[in-house]
Amino acid sequence: MTATSSPRHLLATDEWPDEAIFRVLERAHGLKRSPGGAELAGKVLGMVFFDPSLRTRASFEVAMLRHGGHAITLEPGRGVWGFEHRKGVVMDAAAAEHIVEAARVLGRYVDTLGVRAFPAGPDLETAFADPIVRGFAEHAGVPVINFESARRHPCQGLADAMTLQERLGPRPAGRRFVLAWTWHPNPLPTAVPVSAAIAAARLGMEVTIAHPEGWELHPEDLQAIDAVAGRNGGAMVVTHDLDEAVAGADVVYAKSWGSLRLFGAPDAERAARAAHRGWRIDGARMRSTRNGRGIFMHCLPVRRNVVATDEVLDGPWSVVVDQAENRLHVQRAVLLEVLG
Amino acid sequence: MTATSSPRHLLATDEWPDEAIFRVLERAHGLKRSPGGAELAGKVLGMVFFDPSLRTRASFEVAMLRHGGHAITLEPGRGVWGFEHRKGVVMDAAAAEHIVEAARVLGRYVDTLGVRAFPAGPDLETAFADPIVRGFAEHAGVPVINFESARRHPCQGLADAMTLQERLGPRPAGRRFVLAWTWHPNPLPTAVPVSAAIAAARLGMEVTIAHPEGWELHPEDLQAIDAVAGRNGGAMVVTHDLDEAVAGADVVYAKSWGSLRLFGAPDAERAARAAHRGWRIDGARMRSTRNGRGIFMHCLPVRRNVVATDEVLDGPWSVVVDQAENRLHVQRAVLLEVLG
Amino acid sequence: MTATSSPRHLLATDEWPDEAIFRVLERAHGLKRSPGGAELAGKVLGMVFFDPSLRTRASFEVAMLRHGGHAITLEPGRGVWGFEHRKGVVMDAAAAEHIVEAARVLGRYVDTLGVRAFPAGPDLETAFADPIVRGFAEHAGVPVINFESARRHPCQGLADAMTLQERLGPRPAGRRFVLAWTWHPNPLPTAVPVSAAIAAARLGMEVTIAHPEGWELHPEDLQAIDAVAGRNGGAMVVTHDLDEAVAGADVVYAKSWGSLRLFGAPDAERAARAAHRGWRIDGARMRSTRNGRGIFMHCLPVRRNVVATDEVLDGPWSVVVDQAENRLHVQRAVLLEVLG
């Protein structure tokens with residue numbers, strides 16, 4: 001990721017210094033035990049959704065309300081290509097507005113902006129430049145929070161880190177975190193798995209990324225995970241053997257994502273992944289974790305009996321609802337950090 | 001209806017004890033004369049709309065605001081089948097999320113949930129089990145209010161009861177309430193007419209249900225109306241003669257609904273109902289009510305000159321706008337009951 | 001415009017007396033320097049969007065919040081023809097609700113209503129009667145603010161006036177304001193250009209309307225502009241020569257609109273306008289303004305390098321973001337005027 005964003009934005013947790021992340025996490029644990037106050041009275045968060053959201057929208061709206069502020073929802077609703085982001089273009093096609101004006105104007109109305117824009121574009125390079133979220137950050141004049149872009153989902157990553165701390169302690173150095181690719185009917189973005197791996201790496205965990213050959217994460221993202229691990233005493237390895245990976249693990253984080261080699265070709269991607277339906281977390285795999293008591297994580301929504309079985313999701317391993325709840329508390333902490 | 005719901009939910013008024021209903025109604029009359037206060041400060045209502053809403057959304061949002069709380073709107077937006085509700089299913093088709101996770105997570109964010117889900121499903125039995133609304137009630141961990149399901153629309157029923165009390169007194173025992181089926185271009189759900197009949201039955205009224213042969217309400221719902229009438233001194237009869245029904249009536253509640261025999265076959269239903277276009281409330285029918293001064297009710301939206309004529313809707317009989325306003329006040333009372 | 005609206009509505013600025021407009025503008029300048037207060041505590045604005053909105057929705061929602069009130073959003077979402085507005089119609093087609101009931105009911109829930117309904121209808125006469133916005137004003141029982149109809153966009157006009165005052169002083173009598181038609185791929189409504197011209201006319205400016213032959217504004221709207229100009233010491237002229245118009249101008253307000261002669265025939269309109277792609281504001285045209293320092297205005301969204309070049313939008317002439325910000329402040333003033 002380029003380092004163009006000013007520190008007050010939250011575009012990617014790996015762009016924030018370690019101490020800022022640990023400060024936010026500590027604050028989030030405290031907030032979870034407190035109903036909130038009037039810290040954000042008079043403040044307004046503008047939430048711009050180029051793509052749909054249920055959890056993010058609800059949890060941010062409640063986060064603002066719990067501290068006396070308000071969130072407003074803006075759904076351009078025409079998909080990301082209703083907005084132009086390229087410089088110098090003659091706008092005589094579908095896009096009726098440029099990101100420059102949209103960001104500048106919304107920045108005059110609200111105190112901070114959240115922006116969600118999934119990967120879109122003619123090619124991987126364009127999509128992976130996160131032009132919408134970074135365009136808002138460049139032009140809005142107020143702090144911008146990434147509500148999930150092609151590359152990162154920082155609030156999910158923070159919630160994952162908080163949940164790991166709740167279960168394993170504040171610095172579970174050396175514990176084994178497995179990011180486990182799973183089969184899914186559709187090719188999904190890589191923002192969540194990358195952000196989760198960064199979260200575990202930050203806590204000094206040994207991160208194993210398990211996926212079939214051909215489903216490699218983006219090299220720049222692997223470097224980012226590795227860099228965060230390196231400076232926090234953790235490590236990162238990649239494997240293509242799911243059973244070996246989960247055996248003895250402390251944490252199994254299930255997540256499907258699409259092959260970047262087949263970006264923009266979803267039908268070919270689906271055909272290629274058809275062979276990998278066995279990549280699914282079931283009770284047997286969870287029983288093979290450390291003492292049979294590893295933690296099962298997922299960002300939700302989760303397809304039952306596809307990504308993980310009912311036995312896992314309803315069993316003692318699962319912390320997925322805690323993860324989702326913690327979205328609320330880390331976001332309260334982020335908002336207080338950014339707006340306070 | 002099964003009795004699985006805990007008392008703090010409001011899924012169906014007939015599942016609440018009579019004294020709770022009368023307490024809510026009394027409170028609603030008082031609230032109508034009061035702007036509100038800070039009773040719900042810090043409280044958040046999450047409104048989940050699987051189907052669209054104008055009146056329900058606006059009136060619940062204002063209800064929370066009038067008492068210092070807030071409502072947030074969540075529109076899964078993909079229709080009810082975007083969510084899975086069956087147990088044990090392999091979720092490799094369209095549904096990306098199970099109701100179990102959606103309910104558990106939203107229950108961590110808000111203090112109470114409202115859920116609207118119209119009848120949907122491969123067959124009447126599935127649709128009439130109200131799986132979405134009851135699934136939320138089972139898993140959310142917070143009180144769930146039915147914002148209209150296949151079977152019930154309890155808030156409309158309470159507003160109907162309040163409006164009846166305003167016009168006829170707190171216990172209009174023995175007065176004649178006619179639920180009058182009317183023609184309409186589309187087959188509509190039966191939640192509203194059943195809920196209205198329960199409301200009148202609760203007040204001890206003599207309930208006449210008039211509809212063409214073939215448009216019978218569900219036997220379980222007829223039993224529910226009859227049971228409420230029985231324990232409150234009222235009665236229930238069914239007729240296929242609209243003119244006879246409205247003659248001398250105190251109240252004519254117009255409402256169209258679809259034939260349950262033709263559930264899931266809307267084209268066949270429309271063909272069958274074509275013969276019944278004369279089932280419409282006009283001035284002549286209202287003049288045949290008791291002293292020509294019967295009350296005309298409808299839940300809105302109403303198709304003018306189809307369900308009822310302009311003369312009726314703009315005449316002295318109509319209380320439809322009061323009914324709609326009373327939605328606000330009964331909902332304020334319900335929220336104070338459930339969250340207070 | 002007919003004068004049926006009661007004074008408390010804001011349907012068209014030309015229906016408000018001059019002194020009320022200048023009072024609102026003076027208040028808006030003051031509010032821009034103030035965060036707001038609790039003047040609208042307990043008040044609710046209902047925003048009814050028959051057509052989409054980004055800026056209007058965001059700025060009104062923030063306007064209410066800045067003064068302790070709240071706004072709720074209602075999107076009928078089925079387009080304007082989901083609602084019937086004609087009297088006496090048998091509603092057996094698509095429209096499920098009449099504007100009469102919708103307005104009466106919403107007026108019971110909220111303290112004021114904003115309504116957006118773009119031109120729609122079988123013909124110009126129907127569309128230009130503004131039946132939706134005026135129907136709400138007739139039946140709601142609370143003040144109605146026009147959020148943009150076929151004929152007017154009063155809040156944009158007020159923001160335009162405020163921006164002109166910021167740059168040219170409170171009464172820039174005699175300064176030259178050019179409303180410059182520009183090419184655009186689609187035929188757009190005339191509400192904004194008419195409202196902007198009225199704003200400039202009110203300030204006593206010399207208003208020049210420049211457009212190709214065939215793109216005349218509606219004769220009644222030209223009369224309205226002329227009438228406001230006449231009683232405020234301004235003037236109005238129409239020209240078909242863009243270069244002559246902008247030479248020496250103090251203000252260039254770029255805006256595209258569709259030919260009313262070809263109303264309802266968008267393909268024919270696009271073919272006719274193809275010849276006029278040169279109607280675009282570029283640096284050369286701005287350098288020909290008074291001392292090369294004329295002000296460039298546009299209501300946004302703007303198509304870059306179509307309506308105006310990057311050089312203009314990013315150059316020293318442009319005040320388009322101030323215009324958009326001023327929407328917020330004039331709307332705060334309007335809400336305080338209407339609800340205070």
# chains A, B, ... in the order shown; residues from 1 in each chain; ligands from 1
>>> calpha_fit_rmsd(fixed="chain A", moving="chain C")
0.0 Å
>>> residues_around(residues="C:Leu203", least_positions_apart="6", cutoff="7 Å", atoms="only C-alpha atoms", output="MDAnalysis selection string")
chainID C and resid 171:173 232
>>> residues_around(residues="A:Pro154", least_positions_apart="6", cutoff="10 Å", atoms="only C-alpha atoms", output="number ranges by chain")
A: 10-14, 145-148, 160, 191-192, 194-196, 198-199, 331
>>> residues_around(residues="A:Lys32", least_positions_apart="3", cutoff="10 Å", atoms="only C-alpha atoms", output="ChimeraX atom specification")
/A:27-29,35-36,325-326,328-330,332-333
>>> select_by_dssp(residues="stretch 246-328 of chain A", states="helix (DSSP H, G or I)", output="ChimeraX atom specification")
/A:246,260-262,266-276,283-287,290-292,310-313,320-328
>>> residues_around(residues="B:Ala58", least_positions_apart="4", cutoff="12 Å", atoms="only C-alpha atoms", output="PyMOL selection string")
(chain B and resi 47+52-54+62-65+70-73+324-325+327-328+331) or (chain C and resi 44-48+71-76+102+105-110+113)
>>> select_by_dssp(residues="stretch 152-338 of chain C", states="strand (DSSP E)", output="list in words")
Arg176, Phe177, Val178, Leu179, Ala180, Trp181, Glu206, Val207, Thr208, Ile209, Ala210, Ala235, Met236, Val237, Val238, Thr239, Val251, Val252, Tyr253, Ala254, Lys255, Ile295, Phe296 and Met297 of chain C
>>> interface_residues(of="chain C", to="chain A", cutoff="7 Å", atoms="only C-alpha atoms", output="list of chain:residue names")
C:Leu54, C:Ser59, C:Val62, C:Arg66, C:Pro185, C:Pro301, C:Val302, C:Arg303, C:Arg304, C:Asn305, C:Val306, C:Asp310, C:Val321, C:Ala324, C:Glu325
>>> write_last_selection(atoms="all heavy atoms", output="CSV table (one decimal), in the first residue's frame")
chain,number,residue,atom,x,y,z
C,54,LEU,N,-28.2,12.8,-3.1
C,54,LEU,CA,-27.0,12.6,-2.3
C,54,LEU,C,-26.8,13.8,-1.4
C,54,LEU,O,-26.9,13.8,-0.2
C,54,LEU,CB,-25.8,12.3,-3.2
C,54,LEU,CG,-24.6,11.8,-2.5
C,54,LEU,CD1,-24.8,10.4,-1.9
C,54,LEU,CD2,-23.4,11.7,-3.4
C,59,SER,N,-27.3,17.0,3.4
C,59,SER,CA,-27.3,18.3,4.0
C,59,SER,C,-28.5,18.6,4.8
C,59,SER,O,-28.4,19.3,5.9
C,59,SER,CB,-27.1,19.4,2.9
C,59,SER,OG,-28.2,19.3,1.9
C,62,VAL,N,-28.0,16.6,8.2
C,62,VAL,CA,-27.1,17.3,9.0
C,62,VAL,C,-27.7,18.6,9.6
C,62,VAL,O,-27.5,19.0,10.7
C,62,VAL,CB,-25.7,17.6,8.3
C,62,VAL,CG1,-24.8,18.4,9.1
C,62,VAL,CG2,-25.1,16.2,7.9
C,66,ARG,N,-27.7,19.5,13.5
C,66,ARG,CA,-27.0,20.6,14.0
C,66,ARG,C,-27.8,21.5,15.0
C,66,ARG,O,-27.2,22.3,15.8
C,66,ARG,CB,-26.4,21.5,12.9
C,66,ARG,CG,-25.3,20.8,12.0
C,66,ARG,CD,-24.0,20.9,12.6
C,66,ARG,NE,-23.4,22.2,12.6
C,66,ARG,CZ,-22.6,22.7,11.6
C,66,ARG,NH1,-22.3,21.9,10.6
C,66,ARG,NH2,-22.2,23.9,11.6
C,185,PRO,N,-24.7,14.8,-21.9
C,185,PRO,CA,-25.3,13.7,-22.7
C,185,PRO,C,-26.8,13.5,-22.5
C,185,PRO,O,-27.4,12.9,-23.4
C,185,PRO,CB,-24.5,12.5,-22.2
C,185,PRO,CG,-23.8,12.9,-20.9
C,185,PRO,CD,-23.7,14.4,-21.0
C,301,PRO,N,-24.2,17.5,-9.2
C,301,PRO,CA,-22.9,17.0,-9.8
C,301,PRO,C,-22.6,17.6,-11.1
C,301,PRO,O,-23.5,17.9,-11.9
C,301,PRO,CB,-23.2,15.5,-9.9
C,301,PRO,CG,-24.7,15.4,-10.1
C,301,PRO,CD,-25.3,16.5,-9.3
C,302,VAL,N,-21.3,17.7,-11.4
C,302,VAL,CA,-20.8,18.3,-12.7
C,302,VAL,C,-20.0,17.2,-13.4
C,302,VAL,O,-19.2,16.5,-12.9
C,302,VAL,CB,-20.0,19.5,-12.4
C,302,VAL,CG1,-18.7,19.3,-11.6
C,302,VAL,CG2,-19.7,20.2,-13.7
C,303,ARG,N,-20.2,17.2,-14.7
C,303,ARG,CA,-19.4,16.3,-15.6
C,303,ARG,C,-18.2,17.0,-16.0
C,303,ARG,O,-18.3,18.0,-16.8
C,303,ARG,CB,-20.2,15.8,-16.8
C,303,ARG,CG,-21.3,14.7,-16.4
C,303,ARG,CD,-22.2,14.5,-17.5
C,303,ARG,NE,-23.1,13.4,-17.2
C,303,ARG,CZ,-22.9,12.1,-17.6
C,303,ARG,NH1,-21.9,11.8,-18.3
C,303,ARG,NH2,-23.8,11.2,-17.2
C,304,ARG,N,-17.0,16.6,-15.5
C,304,ARG,CA,-15.8,17.3,-15.8
C,304,ARG,C,-15.4,17.2,-17.3
C,304,ARG,O,-15.6,16.1,-17.9
C,304,ARG,CB,-14.6,16.7,-15.0
C,304,ARG,CG,-14.7,17.2,-13.5
C,304,ARG,CD,-13.6,16.7,-12.7
C,304,ARG,NE,-13.5,17.4,-11.4
C,304,ARG,CZ,-12.5,18.3,-11.1
C,304,ARG,NH1,-11.5,18.4,-12.0
C,304,ARG,NH2,-12.6,18.9,-10.0
C,305,ASN,N,-15.0,18.2,-17.9
C,305,ASN,CA,-14.5,18.3,-19.3
C,305,ASN,C,-15.7,18.1,-20.3
C,305,ASN,O,-15.5,17.8,-21.5
C,305,ASN,CB,-13.4,17.3,-19.6
C,305,ASN,CG,-12.2,17.6,-18.6
C,305,ASN,OD1,-11.8,18.7,-18.6
C,305,ASN,ND2,-11.8,16.5,-17.9
C,306,VAL,N,-16.9,18.2,-19.7
C,306,VAL,CA,-18.1,18.1,-20.6
C,306,VAL,C,-18.8,19.5,-20.4
C,306,VAL,O,-19.0,20.3,-21.3
C,306,VAL,CB,-19.0,17.0,-20.2
C,306,VAL,CG1,-20.4,17.1,-20.9
C,306,VAL,CG2,-18.3,15.6,-20.6
C,310,ASP,N,-11.4,20.7,-16.5
C,310,ASP,CA,-10.7,20.6,-15.2
C,310,ASP,C,-10.1,22.0,-14.8
C,310,ASP,O,-10.0,22.3,-13.7
C,310,ASP,CB,-9.6,19.6,-15.4
C,310,ASP,CG,-10.1,18.1,-15.4
C,310,ASP,OD1,-11.2,17.9,-14.8
C,310,ASP,OD2,-9.4,17.3,-15.9
C,321,VAL,N,-17.8,24.2,-4.6
C,321,VAL,CA,-17.9,23.5,-3.3
C,321,VAL,C,-18.5,24.4,-2.2
C,321,VAL,O,-19.2,23.9,-1.3
C,321,VAL,CB,-16.5,22.9,-2.9
C,321,VAL,CG1,-16.5,22.2,-1.5
C,321,VAL,CG2,-16.0,22.0,-3.9
C,324,ALA,N,-22.2,24.2,-2.6
C,324,ALA,CA,-22.7,23.0,-2.0
C,324,ALA,C,-22.7,23.1,-0.5
C,324,ALA,O,-23.7,22.6,0.1
C,324,ALA,CB,-21.9,21.7,-2.5
C,325,GLU,N,-21.7,23.6,0.1
C,325,GLU,CA,-21.7,23.8,1.5
C,325,GLU,C,-22.8,24.7,2.0
C,325,GLU,O,-23.4,24.5,3.0
C,325,GLU,CB,-20.3,24.3,2.0
C,325,GLU,CG,-20.4,24.5,3.5
C,325,GLU,CD,-19.1,25.2,4.1
C,325,GLU,OE1,-18.1,25.2,3.4
C,325,GLU,OE2,-19.2,25.6,5.3
>>> closest_residue(among="A:Pro189, A:Thr182, A:Trp257, A:Leu217", to="A:Leu242", atoms="only C-alpha atoms")
A:Thr182
>>> atom_distance(atom1="atom CA of A:Phe49", atom2="atom CA of B:Gly114")
23.1 Å
>>> atom_distance(atom1="atom CA of A:Pro212", atom2="atom CA of A:Glu244")
13.0 Å
>>> atom_distance(atom1="atom CA of B:Ala229", atom2="atom CA of B:Gly174")
10.8 Å
>>> residues_around(residues="B:Leu25", least_positions_apart="6", cutoff="10 Å", atoms="only C-alpha atoms", output="ChimeraX atom specification")
/B:19,31,158-159,161-163,165,170,329-331,333-334
>>> residues_around(residues="A:Leu262", least_positions_apart="2", cutoff="12 Å", atoms="only C-alpha atoms", output="PyMOL selection string")
chain A and resi 123-124+187-188+214-216+257-260+264-273
